Number of protein chains: 4
Amino acid sequence: MEELKKHFLKTRELSEKICQPLDLEDYVPQPMPDVSPPKWHLSHSTWFFEQFVLIPFDPNYKIFNTDFAFLFNSYYNNAGDRVLRPNRGLMSRPPVREVMAYRKYVTELVLKLMDRSDFSKEMHEVIVLGINHEQQHQELLVYDIKYILGNQPTFPVYGEYFGVKKEEHNAEFVKISEGVYEIGAYGDAFCFDNECGRHKVYIQDFEISNRLVSNGEYLEFIEAGGYSDFNLWLSEGWDFINNQKILAPLYWHSQGSEWFYYTLNGYEKVREELPVQHVSFYEALAFATWKGMRLPTEFEWEIAAGKFSWGQLWEWTYSAYLPYPGFQKAPGALGEYNGKFMINQNVLRGGSVATPEGHSRITYRNFFPAASRWLFSGIRLAK
Amino acid sequence: MEELKKHFLKTRELSEKICQPLDLEDYVPQPMPDVSPPKWHLSHSTWFFEQFVLIPFDPNYKIFNTDFAFLFNSYYNNAGDRVLRPNRGLMSRPPVREVMAYRKYVTELVLKLMDRSDFSKEMHEVIVLGINHEQQHQELLVYDIKYILGNQPTFPVYGEYFGVKKEEHNAEFVKISEGVYEIGAYGDAFCFDNECGRHKVYIQDFEISNRLVSNGEYLEFIEAGGYSDFNLWLSEGWDFINNQKILAPLYWHSQGSEWFYYTLNGYEKVREELPVQHVSFYEALAFATWKGMRLPTEFEWEIAAGKFSWGQLWEWTYSAYLPYPGFQKAPGALGEYNGKFMINQNVLRGGSVATPEGHSRITYRNFFPAASRWLFSGIRLAK
Amino acid sequence: MEELKKHFLKTRELSEKICQPLDLEDYVPQPMPDVSPPKWHLSHSTWFFEQFVLIPFDPNYKIFNTDFAFLFNSYYNNAGDRVLRPNRGLMSRPPVREVMAYRKYVTELVLKLMDRSDFSKEMHEVIVLGINHEQQHQELLVYDIKYILGNQPTFPVYGEYFGVKKEEHNAEFVKISEGVYEIGAYGDAFCFDNECGRHKVYIQDFEISNRLVSNGEYLEFIEAGGYSDFNLWLSEGWDFINNQKILAPLYWHSQGSEWFYYTLNGYEKVREELPVQHVSFYEALAFATWKGMRLPTEFEWEIAAGKFSWGQLWEWTYSAYLPYPGFQKAPGALGEYNGKFMINQNVLRGGSVATPEGHSRITYRNFFPAASRWLFSGIRLAK
Amino acid sequence: MEELKKHFLKTRELSEKICQPLDLEDYVPQPMPDVSPPKWHLSHSTWFFEQFVLIPFDPNYKIFNTDFAFLFNSYYNNAGDRVLRPNRGLMSRPPVREVMAYRKYVTELVLKLMDRSDFSKEMHEVIVLGINHEQQHQELLVYDIKYILGNQPTFPVYGEYFGVKKEEHNAEFVKISEGVYEIGAYGDAFCFDNECGRHKVYIQDFEISNRLVSNGEYLEFIEAGGYSDFNLWLSEGWDFINNQKILAPLYWHSQGSEWFYYTLNGYEKVREELPVQHVSFYEALAFATWKGMRLPTEFEWEIAAGKFSWGQLWEWTYSAYLPYPGFQKAPGALGEYNGKFMINQNVLRGGSVATPEGHSRITYRNFFPAASRWLFSGIRLAK
């Protein structure tokens, strides 16, 4: 129990710590529909504990503010109406100070709940889910803060956090042999419903790089005209880069003959030795095609990942986000967690410098639409 | 000179006073493209003095922050590039405290300029224009604050300001006889370029009401099915209310059989005795048609306005916003003030409870697109 | 009566004659919402006679096809539901042969009606309105055919019709003196409701050109960078040409250093001596501003038009399309003819080479939104 | 060779036969971007033979019309510029008679080519690909004709073709045991590149229905409120049906308490015993979820399909359209055939009453976006 309390408290504190370098005004805007205001993340992750822990399990619970269920529900249809996603940036109210009071109130009451003599396994499970849920929002919080600040014309500095590092080891391809392998979560540790259901798959021979693609390698692709050769692109990807006038990863800006980018530590010259970041699936695949290689499937990745280091950037796979055999949604609102998004998204594997410690694992299935670029994504080649 | 200083200082202070009831978070959002964040109004009206007074006339002027020209230019192409209007709500930076420092810096330097021995008539004129410009933004600030707060799901209270009052006098129609009349500004007082050029017009007999249409009268129109009888509407207006699903003035909400509205003093039952507010030109005209009457032209209004009281709400006229005979744009950026908007807008005459004292006058030409509803607009009938 | 019959028959025949050079396939497409398929014009102008002449006045009339009321109503809400305007190009049925049968059927029955002993003044008036209505559609038919053919990648030839000619007389400015003038239709001849109600206006001194602006003069404007100097443009116009990437009149194409255009007689080099055609109001006004002049108002035009020749191209005026004093809509569906369009459009005066003989007159008020370019529009300067 | 000639000729004739019941006007419109005008299909399938057979292999070939490459290229970037897809309906030219002449010209010259002494294996292969390509367009032609006619307000009859039949056999679930299976095309017969590369997959135990879902069963889903229970839907699917206001399969219309639909044989009451048709993947999956079952994967389908009859309707699978292991695009324009569409589409398996005889097979992978409804799609359940 003390373990759980510590984990819970540490998680709650981390959300607030991530926001510390912000000005109060930075908590409000929503520069694109995918991005949520920091204020919203802080509230929504709290609402989750209120809605799924305190209301069902604490008979004396007094709701902090009845408006908040409407304001901070994200997509749980079973939990009632909600503010439309693109309108989150219009809500200047409640102010940040009230959001912080809400967090404090809920954190304390969840802690108290854990002291109860009738604390059950079910309560334990929902709290663990709430912790993992908040950790997911912590990672999104970092993405969204970067997007909010990186779209200020003045490129303000957030601080020396969440930066990627050079991979020092030699580049090699790991070889894996054809055969039947097991995929999916096992054991007693927490996992999301989308990774459960360990099952066999048949895999052909393949090789996978032990390194992420670097900015320097990606620059070669740019300079070789990669963004203007349609043969390298999926049809949708070609339309995407042309409609959006995309010529480089997100946050990159060309000045004269040089490339600069916005990082959380400010605007600077692109550092060629670091892993390339903020590419869409389309760009990742076009790069791989240009190299005469391909992207791994999520199964290949899971089978091989024990043989290389991972976790600086989420790695695009050429696997659609689909249910594992025997997948079942939980009943009620929590069943809306993952299953209903299993269409037209790609799986990313690994983790990133913005992933909270201990949140990811080798069977973890992250997923985003192929056009997403504001996440901390990178490229690992296979062949 | 002391007069001008007092006027200038009072104007600068009023902008800040209007924002006092806000939470810091309220300064940031832009819930629709027509609305600007309060932070933006405070900065832009300051930028105007910097750009058109301090930079050209104060040889020692040190620019407060070189980024601000880009951030706070509104539409002056001659003054350089600018942030696209719909993106104003994305700018969390500079924070409000820096905006306030900017205001203080510019206010003080403009005041100092007025003490200079070589203070010229031209400088005087541009400062007066800057004052009038800031007053226009003060009125928009009130509209925009109401829109920001009125679109919070929680309908927060701003305070007992900017409310309309019941018109106590008896309803009558003022009669004006056919003939040649003079229109447009005259004398030495400040006027905008769009109202200058006094000239003759020929007017037919007409009558005009000495009262604004009330909420009670407008409710009769709603209850008689006014919003569902296409015969009452302009074709564009009919499409507008159907596409936007408009069934009542902006800020009105039906609950059961009753109508409520958001006011700056909170959410309350519609008060029938007050003038109706927040109607588009389309709605104003449909109402007039339903009454078997019409809206006045701007010339009729100007000729008759001496005979009734006006100034609670801007009054829609059935006049397009067009140049007066002999209209000439000023050269350079200030020439972009009015002339380039003379298409597809309707003239409103009068003034409103949100108009700063002394800002409007009988020849003043306000203008908005026919679909605008967030301004403080009302209806006066003619026949 | 024989006069009316002849007029009616000649009008009916002209619609079909205009379509003669077409391939059957050309009757179908609708390349933009403003354009209607030729098939639709032929049917709609017939439907008008059916709906407003045969159904009300011929007790034995047997409806040709009950679906057609829905298919070919344009915008008469009082006459029932209708196909949405942008969907006209989806209707391959009825085929052209059936449309032609419909035309024949209605034409013959209207002719028969004119032989009846109880033929009334009201019937006469509605038939005259129907003739004028069909003439308006004949002009639109020419515009739409040009647009359909001019957007074929192969630029097919329609024939040597509807071409403009060089104005041979010397360029001069006609001077008109300040004073009270009368405006609007008078006498017994047919007029539309929007031009009726003769009334006085007061006009200041002005001068107006006795010639239309030529392609050669307009080329000077293009070559002087007219399309890239925002100071010449209304704000809306500047956005319009930039969003639509407009660099020249409609149908103009630059090839190397030369300009070509599509004409109904094929693709050819721009002929500098001819009047410039297919400009929007925005372009007309920008050109006038560049010349240091302006566009006339519709009242100036009407007062001066006796002193120059007109009728090759409709001339943009800087007058909004608004009701004349005392304007009243007719009751019922025919009241929807003009009044409901009196917002956000500009008046054009004169006539064009595509205007059926006898259809226009000096008091005639044509009107289009300021961005329209596919009509046969031109420029006459004033100062 | 005679075999090939016969196959080729039969294919060419079938395209024209499918169009025979049409009016000439029906060849032109494009009622939504996914639909192409019949005229376009007839031309494009001809252009394919011209571009990939005659031009490369017939040294004496004289291009029929140089404009056609631009007009009738569909998406082959390597074959040059092309008309944007949504603009196909604007092309009234060339007229149908010229399209037919083009078909005749190309058909004859391809036939002649087959008589040449140096007729090579490569030529043979490209002709077979052209035949299969034209067959794919024949199926689309049927879909598009149905969409064009089914969107006429008058619901015209096409004829008694392409109708589905009742499945007479008893409903049962076929059981398949866990294990390693082989997937993908094998042998010498023609296959598309996307189905080649036979390889092993590991499959879990599953059961699959030997029948398609019927209209009657689907009506139960509708009547049970299936379209208003968000728990049954993917999040994207829920947004899709709500934004598009979808309450039933495409072509269904409710009249009072009964459902009717448009069929190629006219408008009629929904026949409950027939297989349900024209559902999106979202609807197929929601139906399966409501039944407590699921949709098969494409691998399950391929493994089991020998044990039931298929081919009335394409069957949605819950498999994304992705490359098989070792998939390689062909070099040049023909490499654009399939690979570049491998993202955000779902695989359908089987065939339909509109599939030309002999065109489909058990390894065939059809693919459409999840929202598509105008194809001849149906539902087979698995568990």
# chains A, B, ... in the order shown; residues from 1 in each chain; ligands from 1

$ residues_around --residues "Leu234 (chain A)" --least-positions-apart "2" --cutoff "9 Å" --atoms "only C-alpha atoms" --output "number ranges by chain"
A: 230-232, 236-239, 282, 285-286; D: 339-343

$ interface_residues --of "chain B" --to "chain C" --cutoff "10 Å" --atoms "only C-alpha atoms" --output "NGL selection string"
:B and (75 or 77-78 or 178-181 or 199-206 or 229-238 or 282 or 294 or 297 or 318-323 or 325-326 or 329 or 331-333 or 335-336 or 338-346 or 369-370 or 383)

$ atom_distance --atom1 "CA of Ala185 (chain A)" --atom2 "CA of Ser360 (chain A)"
11.8 Å

$ atom_distance --atom1 "CA of Trp316 (chain A)" --atom2 "CA of Phe192 (chain A)"
19.2 Å

$ select_by_dssp --residues "region 74-112 of chain A" --states "alpha helix (DSSP H)" --output "PyMOL selection string"
chain A and resi 96-112

$ residues_around --residues "region 57-68 of chain C" --least-positions-apart "4" --cutoff "12 Å" --atoms "only C-alpha atoms" --output "ChimeraX atom specification"
/C:40,43-53,72-74,79-83,91,93-94,98-116,118-124,126-127 /D:152-155

$ closest_residue --among "C:His278, C:Lys291, C:His7, C:Lys307" --to "Ala371 (chain C)" --atoms "only C-alpha atoms"
C:His278

$ atom_distance --atom1 "CA of Val270 (chain A)" --atom2 "CA of Pro95 (chain B)"
28.3 Å

$ residues_around --residues "Trp259 (chain D)" --least-positions-apart "2" --cutoff "10 Å" --atoms "only C-alpha atoms" --output "ChimeraX atom specification"
/D:219,248,252-257,261,268-271

$ residues_around --residues "Lys165 (chain C)" --least-positions-apart "3" --cutoff "10 Å" --atoms "only C-alpha atoms" --output "JSON, numbers by chain"
{"C": [162, 168, 273, 274, 275, 312, 353]}

$ closest_residue --among "B:Arg211, B:Lys10, B:Arg88, B:His137" --to "Leu42 (chain B)" --atoms "only C-alpha atoms"
B:His137

$ select_by_dssp --residues "region 167-278 of chain D" --states "strand (DSSP E or B)" --output "number ranges by chain"
D: 173-176, 179-183, 199-203, 206-209, 214, 252-255, 258-263, 266-269, 275

$ residues_around --residues "Leu22 (chain C)" --least-positions-apart "2" --cutoff "10 Å" --atoms "only C-alpha atoms" --output "list in words"
Lys17, Ile18, Cys19, Gln20, Leu24, Glu25, Asp26, Tyr27, Pro38, Ile145, Leu149, Val157, Tyr158 and Gly159 of chain C; Ser92 of chain D
